[in-house]
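Here is protein24.cif, consisting of mmCIF, C-alpha atoms; chains and numbers go by the auth columns:
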data_protein
#
loop_
_atom_site.group_PDB
_atom_site.id
_atom_site.type_symbol
_atom_site.label_atom_id
_atom_site.label_comp_id
_atom_site.label_asym_id
_atom_site.label_seq_id
_atom_site.Cartn_x
_atom_site.Cartn_y
_atom_site.Cartn_z
_atom_site.B_iso_or_equiv
_atom_site.auth_seq_id
_atom_site.auth_asym_id
ATOM 1 C CA MET A 1 -3.570 -7.647 -9.889 0.00 704 A
ATOM 2 C CA GLU A 2 -1.082 -8.615 -7.215 0.00 705 A
ATOM 3 C CA SER A 3 1.006 -6.322 -5.045 0.00 706 A
ATOM 4 C CA CYS A 4 4.638 -5.850 -6.056 0.00 707 A
ATOM 5 C CA LEU A 5 5.390 -4.871 -2.457 0.00 708 A
ATOM 6 C CA LYS A 6 6.768 -7.480 -0.089 0.00 709 A
ATOM 7 C CA ILE A 7 7.040 -7.597 3.706 0.00 710 A
ATOM 8 C CA GLY A 8 9.998 -5.532 4.901 0.00 711 A
ATOM 9 C CA GLN A 9 10.221 -3.518 1.681 0.00 712 A
ATOM 10 C CA GLN A 10 10.584 0.244 1.989 0.00 713 A
ATOM 11 C CA PHE A 11 8.691 2.585 -0.338 0.00 714 A
ATOM 12 C CA GLU A 12 7.524 6.157 -0.647 0.00 715 A
ATOM 13 C CA PHE A 13 3.958 7.315 -1.041 0.00 716 A
ATOM 14 C CA ALA A 14 2.331 10.594 -2.007 0.00 717 A
ATOM 15 C CA MET A 15 -1.283 11.590 -1.582 0.00 718 A
ATOM 16 C CA HIS A 16 -2.757 12.973 -4.810 0.00 719 A
ATOM 17 C CA ALA A 17 -4.126 15.931 -2.811 0.00 720 A
ATOM 18 C CA ASP A 18 -0.630 16.778 -1.434 0.00 721 A
ATOM 19 C CA LYS A 19 1.374 16.872 -4.650 0.00 722 A
ATOM 20 C CA GLY A 20 5.111 17.023 -4.044 0.00 723 A
ATOM 21 C CA PHE A 21 4.939 15.776 -0.435 0.00 724 A
ATOM 22 C CA ARG A 22 6.276 12.247 -0.033 0.00 725 A
ATOM 23 C CA GLN A 23 6.523 10.045 3.028 0.00 726 A
ATOM 24 C CA GLN A 24 8.514 6.879 3.552 0.00 727 A
ATOM 25 C CA ALA A 25 7.067 3.652 4.902 0.00 728 A
ATOM 26 C CA VAL A 26 7.882 -0.041 5.268 0.00 729 A
ATOM 27 C CA VAL A 27 5.526 -2.940 4.505 0.00 730 A
ATOM 28 C CA THR A 28 4.533 -4.973 7.576 0.00 731 A
ATOM 29 C CA GLN A 29 1.936 -7.278 5.951 0.00 732 A
ATOM 30 C CA VAL A 30 0.312 -7.979 2.598 0.00 733 A
ATOM 31 C CA LEU A 31 -3.121 -9.536 3.027 0.00 734 A
ATOM 32 C CA SER A 32 -5.756 -10.968 0.707 0.00 735 A
ATOM 33 C CA ASN A 33 -9.465 -10.253 0.959 0.00 736 A
ATOM 34 C CA ARG A 34 -9.974 -13.620 2.722 0.00 737 A
ATOM 35 C CA GLU A 35 -7.289 -12.768 5.289 0.00 738 A
ATOM 36 C CA GLU A 36 -9.140 -9.482 5.873 0.00 739 A
ATOM 37 C CA GLY A 37 -12.360 -11.464 6.449 0.00 740 A
ATOM 38 C CA LEU A 38 -14.108 -10.367 3.246 0.00 741 A
ATOM 39 C CA GLY A 39 -16.189 -12.515 0.936 0.00 742 A
ATOM 40 C CA PRO A 40 -15.467 -13.380 -2.712 0.00 743 A
ATOM 41 C CA GLU A 41 -17.450 -10.380 -4.000 0.00 744 A
ATOM 42 C CA ALA A 42 -14.640 -8.090 -2.779 0.00 745 A
ATOM 43 C CA ASP A 43 -12.353 -9.678 -5.398 0.00 746 A
ATOM 44 C CA TYR A 44 -14.155 -7.646 -8.077 0.00 747 A
ATOM 45 C CA TYR A 45 -12.803 -4.437 -6.557 0.00 748 A
ATOM 46 C CA ILE A 46 -9.849 -5.061 -4.250 0.00 749 A
ATOM 47 C CA ALA A 47 -6.674 -6.991 -5.045 0.00 750 A
ATOM 48 C CA ASP A 48 -4.646 -6.680 -1.822 0.00 751 A
ATOM 49 C CA TRP A 49 -4.432 -4.934 1.529 0.00 752 A
ATOM 50 C CA ILE A 50 -0.987 -3.550 2.332 0.00 753 A
ATOM 51 C CA GLU A 51 -0.258 -2.815 5.981 0.00 754 A
ATOM 52 C CA ALA A 52 2.706 -0.537 6.596 0.00 755 A
ATOM 53 C CA ARG A 53 4.214 1.889 9.077 0.00 756 A
ATOM 54 C CA THR A 54 5.821 5.217 8.410 0.00 757 A
ATOM 55 C CA LEU A 55 9.571 5.631 8.798 0.00 758 A
ATOM 56 C CA SER A 56 9.350 8.700 10.977 0.00 759 A
ATOM 57 C CA GLU A 57 10.258 9.601 14.523 0.00 760 A
ATOM 58 C CA GLN A 58 6.676 8.798 15.515 0.00 761 A
ATOM 59 C CA PRO A 59 5.787 5.729 13.365 0.00 762 A
ATOM 60 C CA LYS A 60 2.178 5.597 12.221 0.00 763 A
ATOM 61 C CA ALA A 61 0.329 2.449 11.144 0.00 764 A
ATOM 62 C CA LEU A 62 -1.189 2.630 7.661 0.00 765 A
ATOM 63 C CA VAL A 63 -3.427 0.396 5.548 0.00 766 A
ATOM 64 C CA PHE A 64 -3.279 0.798 1.769 0.00 767 A
ATOM 65 C CA VAL A 65 -5.902 -0.772 -0.499 0.00 768 A
ATOM 66 C CA LEU A 66 -4.724 -1.955 -3.920 0.00 769 A
ATOM 67 C CA ALA A 67 -7.719 -1.892 -6.261 0.00 770 A
ATOM 68 C CA ASN A 68 -8.002 -4.223 -9.252 0.00 771 A
ATOM 69 C CA ASP A 69 -7.657 -1.268 -11.634 0.00 772 A
ATOM 70 C CA GLY A 70 -4.191 -0.519 -10.222 0.00 773 A
ATOM 71 C CA THR A 71 -5.273 2.455 -8.097 0.00 774 A
ATOM 72 C CA VAL A 72 -3.951 2.567 -4.532 0.00 775 A
ATOM 73 C CA TYR A 73 -5.955 4.165 -1.720 0.00 776 A
ATOM 74 C CA LEU A 74 -5.075 5.330 1.786 0.00 777 A
ATOM 75 C CA ASP A 75 -7.962 6.446 3.989 0.00 778 A
ATOM 76 C CA GLY A 76 -10.189 6.494 0.905 0.00 779 A
ATOM 77 C CA GLN A 77 -7.887 8.888 -0.960 0.00 780 A
ATOM 78 C CA PRO A 78 -5.849 7.924 -4.031 0.00 781 A
ATOM 79 C CA VAL A 79 -2.091 7.774 -3.509 0.00 782 A
ATOM 80 C CA ASP A 80 0.960 7.101 -5.619 0.00 783 A
ATOM 81 C CA ILE A 81 3.357 4.381 -4.468 0.00 784 A
ATOM 82 C CA ILE A 82 6.978 4.974 -5.426 0.00 785 A
ATOM 83 C CA VAL A 83 9.185 1.883 -5.319 0.00 786 A
ATOM 84 C CA ASP A 84 12.918 1.843 -5.930 0.00 787 A
ATOM 85 C CA ARG A 85 13.057 -0.672 -8.789 0.00 788 A
ATOM 86 C CA ALA A 86 16.758 -1.356 -8.159 0.00 789 A
ATOM 87 C CA ALA A 87 15.934 -2.414 -4.605 0.00 790 A
ATOM 88 C CA VAL A 88 13.121 -4.674 -5.868 0.00 791 A
ATOM 89 C CA ALA A 89 15.414 -6.299 -8.446 0.00 792 A
ATOM 90 C CA GLY A 90 18.136 -6.751 -5.846 0.00 793 A
ATOM 91 C CA SER A 91 15.814 -8.564 -3.442 0.00 794 A
ATOM 92 C CA ALA A 92 14.714 -11.193 -5.953 0.00 795 A
#
Take the structure from the file and write it as structure tokens.
Amino acid sequence: MESCLKIGQQFEFAMHADKGFRQQAVVTQVLSNREEGLGPEADYYIADWIEARTLSEQPKALVFVLANDGTVYLDGQPVDIIVDRAAVAGSA
């Protein structure tokens, strides 16, 4: 599985525990396991590492983990990533 998010792309995310509360962020880097310094065994579990920052008055750095089963995690908690498909199509 490969990330559909690209550097500079804006998206929303919602923690499963905080249903209904969404935050906006922008992708700053998309890294592979090798770029994160992990060995090949990590490929069984993790597809990509997505570094981002929130689009708030006080930006916060975030690291999302995209698992091979399609689940996305932030700080060990599952999150939903919401991408504006029109924006993705327009950037291609």
* To do: Considering all atoms listed in the file, return as a VMD selection string whatever protein or nucleic-acid residues lie within 12 Å of stretch 771-780 of chain A, sequence-local ones (same chain, fewer than 2 positions apart) excluded.
  => chain A and resid 704 to 707 716 to 721 736 745 to 755 764 to 769 782 to 785
* Enter the distance from atom CA of A:Gln727 to atom CA of A:Gln713, in Å, rounded to one decimal. => 7.1 Å
* Determine, counting all atoms listed in the file, which protein, DNA and RNA residues have an atom within 7 Å of an atom of stretch 708-712 of chain A; residues of the same chain fewer than 2 positions away are not included. Present the result as a list of chain:residue names. =>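 Within the cut-off, the hits are A:Ser706, A:Phe714, A:Val729, A:Val730, A:Thr731, A:Gln732, A:Val733.
Between A:Glu760 and the residues A:Gly723, A:Glu739, A:Val786, A:Ala728, the shortest atom-to-atom distance, using all atoms listed in the file, involves A:Ala728.
Between atom CA of A:Ala770 and atom CA of A:Leu734 lies a distance of 12.9 Å.
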